[in-house]
Structures are given as C-alpha cells and as structure tokens.
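Trainee: Shown below is the structure under consideration.
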Amino acid sequence: MGIKNLQLVIFGLLVSGMSFSQTTKLTSKSEFLNSTNAQELPFLDDFEETIVNDAIFQNWTTRNLEGWHYWHMVFYQGVNGSQCMRFENTDLVQNDWLVSNPINCAEVENLKVNFSHLYHANKVPPKLYYTNQYNGNTSESTWTELSYSFGENENQWYASEDFIIENPGDVIYFAFHYQAAANEGSYFLLDNFSVKEYIPIVPFELVGTSEHFEFYTNISGEENFYVDIQKELEIHFLKLSSLWNRPGIENVFNENEKIKIYYSEKSAIDKVMVETPNWKNGFHDVEKLELFLSPISTTNQEIYYTNLQNLVINEFSQLAISKKFLRENSNYFPAYFLEGFGLYEMGVRPRRDSIIKYLNENPVPDFNFLKDTANISTTLKKDLILSNIEGQLLTTWSYSAVGPGASSFIQGQWPDYLKYFYQYPEQDRIKLHHESSHFNFYLAESDTNHFSEYMTYFEDAYIFFTENYSYIPEHRFNVVIMPTEQIGMDLTGYSRFNGGAGCGGDLNLMLSPNYNFNQETYDVFYAGMSAHEFFHIYYNHFMWEIPGGFWAEGSADFSARHSLGEDIRRERFWMIKWTFNEYAEKYNVELDLEHISTNPNLELDIYYLGDMFFEYLYINHGGFEKIREFFNNGMDYSVFNASYDEIDTGYINYLKSLVGIPLNVEEEQLKHAILFYPNPTANILTIKSELPITKVEVYSVLGQKVIEINSNFKVISIESLSNGIYMVKIFSEEVYTIKKMIKK
C-alpha cells in the first residue's frame, strides 16, 4: 500500500503489495478529440448513473474490437451494496475497452487516481491506461499503463493504491482494456473510480512520543500539540485493550507497534480527501495505524468535537474498533457506525428530546436514516446514531459484540431500548443513575430504594475478585437494572429473565430486587446473584469463551460464595450422594470429571458440582491465582503441578469424602498409614508411613512447590520450613494423598 511521492496515507483500507505506475506505449496515428466538454475535477464515478445505451454510460463509453460487449452496469453488487460496473469472463476471445469521457485538469500539477475492484478467478485482469489525446479509436492513441494488483482473496472488495500522475496536461482520459483468450478472463467488478487534484503535504516532523503513540506535525509553532492529549490517549488505549484483549486470541494492538498521530492544517485533508464535511477534522488508516488530525477552527467543528482531546479520542476509537473488526475477519466499516462509536467514546450521549421528537414522527425507527451520515452533525441524526451504539452496549451485545452487523438488535431490541431508556416517563425510564469507582449503574427512579445495597454488593465483589485473582481491569463495568421481567425479556431478547446475565467482559443485566423483594432472603439471594453474575464478566478476561455450564457456572458460584465469606453448602450434600448412587446406577456409569463436567444426560447440578470442583482445586492445588492461571492458559492442568488424571481422581475422591462414600482401598490405606511428627523446636517435619513413600511434594498456600523429595523409604524428614500453612502431597506408587500442615 502506498502513495507515490507521499509521506502519509490518509484514511482507507488499502491493499498492500501493489506496484507503482509503469508505462506501456500503443501506436499513435491520428487526430484527437475535442475536449471542450470535459468533466471537471474532482471526478468520482460510483456508477449510479443512467445507461444511455448498451455502449454508452454517463461518464464512459465502451469500444469493442473483438468478441462482444461485456462491460455492463449491475445493481447491488458494488461496495456496500451499491451499483457498479462488471466485466464477465466468456467463452469468446475478448478485446473490449471502457473509456472515460475527457476530464479537465488544466492548471493542475498532479492528479491522484484510485478505484475499488473485486474479482473472481485469478486469470487475466483488465489493464488500466490513461492518455492526453484520444479520437475515439483506441488503437490509434498513445496510452500509459497504471499497473495494479488484484489482491489476495477472490470475491472481496479491494481499494487500489493511490496513483499519482504528475503534469497530466489540460485534459486526460482513462480506460480499462480487457483483452483475453476464451475462458481466460477474470470476472471483474469496478466501483468508485476517483480522479482528484493532488497537492503534496508538507513534510512531517516527529515531535514527541508516549508508550503507545508517536506524534508528528507539519504546522510551525505546534510542536507541543500532543502534550494535552497524550495522557487521555494512553488511558483510552488501556481501556479498549482491556475490553477487547483476551488470553487465547490476538490482541487488538501489537505492543511492539506505535500508533502515529499526524497533526496538519485542514486544508491538507481537504486536498487529499476531497469533499470532506466542514465539521470533520480527522481520519484514520487502520492498516498503517495512523491518525490524521487538524486544528478545530470553525463553529461546526467545535460543536462536533469541542476540543482536540475529544477529536483524538474520537478518531482513535474508530481506529481501535476497526482493528477489532479485522481481528474478527470483518472489513465492514460503515461511516455511520464508526462516527457513532467515536462520538460515544469521547463522551457524547443521545439527547432525550431529539429521540422523542424523532419517534413522535417515526414510531417505527428507520435504520436507513442512520446509514446516511450526510447530516450527522445535526443534533437529531447524531443522537439517533449514538442510540444505535449505546443500545448495543447496554442490551446484551456489550463491547465484545458491538458492531454494524447487529441486525437482530436493530430489528428487535433497538426500538425497545429507545422506549425504555428515552420514551418512558421520568420516574420509570432507565437511565444512568450513578457512577461509582468501577461501575456505571443504570436504573429507573422506581428502583432506587435498595440501590445503596446492591451497589455495595457489586463493589464488594469487585474488591474481592481483584484482590484474590490479582487482576484489575482497565475499564469500568456497566450494570443495568431491569424494572420488570418483561422489560428484561424485551431488552435481552430472552424468553425468560428472572435473575441476571453477564455479557462479554463489561456488562451485567440484573432483574430489580423490587420485582420479588423478600427482606429475609434479600441479602443472601441478591448479594449472591450480583457476585455470581459479575464474575461471569470478570472471568471473561481470563480466557476467550470459557466453556459454559460446569466451568462457567461452577467458577461463578465458587467465587461468589467465597466473596461472601460462606462455607460450602452442606445442605446440598444430598446431591452428591444422589449423583454417586441413584444417578450412577440409573445410567450405569463410573463417574469421573469428564462425565460430570459435560453432563450428558442433563440431570446433574453442574452449578453445585462445579462449585465443589473449584473448591477442591482451591484446597489442594493452590489459591485463586492458580485458578486464573488455569483459565489464562486455556485450561491447562499442569499449572496445578498435577496431571489431568490426578485432578480427576482427586476431585472424585473429594466429593466422596464430603459425604462418607468409601474411597478406593489403596488410597484409603495410604491416607490412614500417614503420620505427621512436626518438631517445632528443631524445625523438622517427619513423615512416617506403613507403606513405602515414593515421593513427597510440599506446596505453599499459593500453590508454589517449595520442596520435592523422591524416596523409597517409610520415613522422610524435611528441615527448615518457615512458619505458615502447607499442603503436603505424599505418593506411594501410583496412589497419593494430600494433607494440610500448619507450621507455627
């Protein structure tokens, strides 16, 4: 990708690896056409015009020398579903030209030319030429070729490189020449053919750097432009990275790359990006990781951005979410969505009066109204576009799934979101009620009676999780309280909503405690539900898509229970007995971790049995950080210093031991054969066993192995243990048992 003789590429997803212009001469023999009716610059053809006849379009003419006329206009196949020009491969030899009308470029020093194209079957492509003189006979003109590359993938739209033509003369013609043997051509689509005046940008100077950014300017006296924006940029970099980066998938940004920020006069933007709105002061290049900004100087620009800090957050946010889409193999970047997301991230929110005014005139919101960004700077359109972003972030999609392709949200949840967040009376509508240290709480005034309590539940859970799992996100979390179950179902699209839901890594949706309030059970039920649902979005930062059921619900129940300081639920021991007796007999299975975790017959209580699995890991193989490491490493059991088989056997035996089900004879023998003889004075631990001890491993409460002894004796002595709690794993052949030891 690149612009010849240009130091900066501005805005657009271009194709890398394209070659620069090269010249091809064809025979010149005759007079040339009069150019008095030439098209004026800028010339942009999106092929939405009317066809004059089979061989003449509004801005182009076809010249067929052999075969048949195969340049055609087609509907709904162009960029973003627009009209475009098509050339089809045929079983005939082809020699077909598509020649532009003359374009007036008098007094223009340089031209910039680019276009969009798509191909199917990587065979012979059409060639692109230009000439200053043309008399209607393509073979009697002198043509210069602009060589371009197809791109890596078929059936995908690519933007060509920017071709720079120096000293183009008073008039210029362009032509696509398709010459191919029978069945040797490529199916080819052409769209957005653009010819603009090009004025080179004044060279940029590197004036500053921060951890993730480099700052450049070509404006004299503005060398310190970055000083007041670099801190906010870094904060926003950390926020969006925290929201979208997950162990197991590619980070949105590579830590080794720096994002380049260019600061130049708006006139430079207007020369390179012709017909830009007067309110727009920035562009980004997602592949080159570049932002281009200009000073805010007009009233419209101030209304839209307010200041340079907001402008750079706006454009950086557009760049960041474009990178996220590319990571997800999507290159669909509609302007309405990018601009809306940029505005939302710089702190702009929909104005209620604008939304109500629009809905009074349009009871069923028209999504096509959003897609046209021509008047986005006007309040009403801007507010509605913002509602498309905010609605997704607060109704199950969350930051992890927000995007322009949210069709089910647009068709179903968006109208309900507008109703419950904007149209409802003040007392009943959902709105941002409170911003705490770590959360944004959205609720209706009617739900404020118990707000201080459930805010405390979330904050307490946050403190417990971050302290014990040793992970602090760099972003805030949204919590939306649904006043009724029906509103919850409408906003989520669920057939039932009688509790809570965690969405992505940033959003909790909760049913109001007022809906079924019971003072006696309120603290236990709602505090536990809040902590459980919050853990669902908290653990999303440990692993991309933790498996549901046993793993997701078990870890959430385990973590919520510990955050409330509760012991294991002994009143549920009957479930363990039932699992190993009636259930095992009913299905004739020997229970193990795989069977319980997959729950093939959908009869096991995977919440409780999952809770007990993580309790077993916590007691025997390390604390919360080890569980986080387990998920961070894609559920790798080796982080517990044990094999899967050891974990499997240990978990099953732990469940049995809770309810008095006999263990295997050998393990039971080893358990009762071990005797500890702590000697605090000599600081020595002696382990005696009636069975040979093959190995001893001593772990700290954090799961760190501090001692390992391989032996074949019945007596082992361990010296120099400092005060503390230890887990001692003692092996005899293939059998092992674990004992807790406190050294005082």
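Residues are referred to by chain and number: the chain letter is A, B, ... according to the order shown in the structure tokens, the number counts from 1 in that chain, and ligands are numbered separately from 1 in the order shown.
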Using only C-alpha atoms, which protein or nucleic acid residues come within 8 Å of A:Lys266? Drop anything in the same chain fewer than 5 positions from it, and give the result as a count of residues only.

Mentor: 4

Trainee: From a backbone DSSP assignment, name each residue in stretch 375-570 of chain A labelled helix (DSSP H, G or I), as an NGL selection string.

Mentor: :A and (379-393 or 398-401 or 407-423 or 445-447 or 451-469 or 485-492 or 513-516 or 519-541 or 550-563 or 570)

Trainee: Out of A:Arg476, A:His595, A:Lys323, A:Arg246, which residue has the shortest atom-to-atom distance to A:Tyr539 when counting only C-alpha atoms?

Mentor: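 Distance minimum relative to A:Tyr539 lands on A:Arg246.
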
Trainee: Fewer than 5 positions away in the same chain doesn't count, so skip those; otherwise give me all residues within 12 Å of A:Ile56, counting only C-alpha atoms, as an NGL selection string.

Mentor: :A and (49-51 or 61-64 or 69 or 71-73 or 97-101)

Trainee: Taking the DSSP assignment computed from this structure's backbone, write out as a ChimeraX atom specification all residues of stretch 168-356 of chain A that belong to strand (DSSP E).

Mentor: /A:171-180,187-197,205-209,213-217,259-263,282-285,290-293

Trainee: Could you list, as a ChimeraX atom specification, every residue within 9 Å of A:Leu338, counting only C-alpha atoms and ignoring same-chain residues fewer than 3 positions away?

Mentor: /A:315,317-319,321-322,333-335,341-343,404

Trainee: Based on the selection just made, write N, CA and C atoms of those residues as a tab-separated table (two decimals), in the first residue's frame.

Mentor:
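Once written, result-v8.tsv looks like this:
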chain	number	residue	atom	x	y	z
A	315	GLU	N	-11.27	9.73	16.97
A	315	GLU	CA	-10.65	9.06	15.83
A	315	GLU	C	-9.88	7.82	16.25
A	317	SER	N	-10.70	5.86	18.72
A	317	SER	CA	-11.71	4.84	19.00
A	317	SER	C	-12.19	4.19	17.71
A	318	GLN	N	-12.34	4.99	16.65
A	318	GLN	CA	-12.71	4.43	15.35
A	318	GLN	C	-11.63	3.49	14.84
A	319	LEU	N	-10.38	3.89	15.02
A	319	LEU	CA	-9.27	3.04	14.60
A	319	LEU	C	-9.26	1.74	15.40
A	321	ILE	N	-11.72	0.12	17.06
A	321	ILE	CA	-12.79	-0.85	16.77
A	321	ILE	C	-12.65	-1.41	15.36
A	322	SER	N	-12.06	-0.64	14.44
A	322	SER	CA	-11.77	-1.18	13.11
A	322	SER	C	-10.74	-2.30	13.22
A	333	PHE	N	-16.76	-1.33	7.47
A	333	PHE	CA	-16.57	-0.15	8.31
A	333	PHE	C	-17.50	0.99	7.87
A	334	PRO	N	-18.82	0.85	7.99
A	334	PRO	CA	-19.70	1.93	7.56
A	334	PRO	C	-19.47	3.19	8.37
A	335	ALA	N	-19.56	4.34	7.72
A	335	ALA	CA	-19.26	5.62	8.36
A	335	ALA	C	-20.18	5.89	9.54
A	341	PHE	N	-19.54	5.45	17.10
A	341	PHE	CA	-18.70	4.88	18.16
A	341	PHE	C	-17.68	5.89	18.63
A	342	GLY	N	-17.08	6.65	17.70
A	342	GLY	CA	-16.12	7.67	18.08
A	342	GLY	C	-16.76	8.73	18.97
A	343	LEU	N	-17.97	9.17	18.62
A	343	LEU	CA	-18.67	10.16	19.45
A	343	LEU	C	-18.98	9.59	20.83
A	404	PRO	N	-21.62	-3.00	13.43
A	404	PRO	CA	-22.64	-2.56	12.45
A	404	PRO	C	-23.51	-3.69	11.95

Trainee: Would you list the contacts of stretch 413-416 of chain A as number ranges by chain, taking every protein, DNA or RNA residue within 7 Å and counting only C-alpha atoms, but skipping same-chain residues closer than 4 positions in sequence?

Mentor: A: 365, 391, 409, 420, 490-491, 493

Trainee: Using only N, CA and C atoms, please write the residues we just selected to a file, as an mmCIF file, in the first residue's frame.

Mentor:
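Saved the output as again-v7.cif:
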data_model
loop_
_atom_site.group_PDB
_atom_site.id
_atom_site.type_symbol
_atom_site.label_atom_id
_atom_site.label_comp_id
_atom_site.auth_asym_id
_atom_site.auth_seq_id
_atom_site.Cartn_x
_atom_site.Cartn_y
_atom_site.Cartn_z
ATOM 1 N N PRO A 365 -38.633 3.246 14.226
ATOM 2 C CA PRO A 365 -37.399 3.902 13.773
ATOM 3 C C PRO A 365 -36.867 3.294 12.485
ATOM 4 N N GLY A 391 -27.337 1.585 22.686
ATOM 5 C CA GLY A 391 -28.297 0.499 22.837
ATOM 6 C C GLY A 391 -27.639 -0.868 22.803
ATOM 7 N N PHE A 409 -30.395 -6.883 16.884
ATOM 8 C CA PHE A 409 -30.577 -5.731 17.771
ATOM 9 C C PHE A 409 -31.386 -4.654 17.058
ATOM 10 N N TYR A 420 -37.668 2.172 26.546
ATOM 11 C CA TYR A 420 -37.430 2.086 27.989
ATOM 12 C C TYR A 420 -36.372 3.069 28.486
ATOM 13 N N ASP A 490 -37.641 -8.057 26.922
ATOM 14 C CA ASP A 490 -37.645 -7.217 25.722
ATOM 15 C C ASP A 490 -36.238 -6.733 25.378
ATOM 16 N N LEU A 491 -35.499 -6.300 26.383
ATOM 17 C CA LEU A 491 -34.183 -5.712 26.125
ATOM 18 C C LEU A 491 -33.114 -6.757 25.823
ATOM 19 N N GLY A 493 -33.978 -10.002 24.606
ATOM 20 C CA GLY A 493 -34.417 -10.966 23.607
ATOM 21 C C GLY A 493 -34.567 -12.361 24.175
#
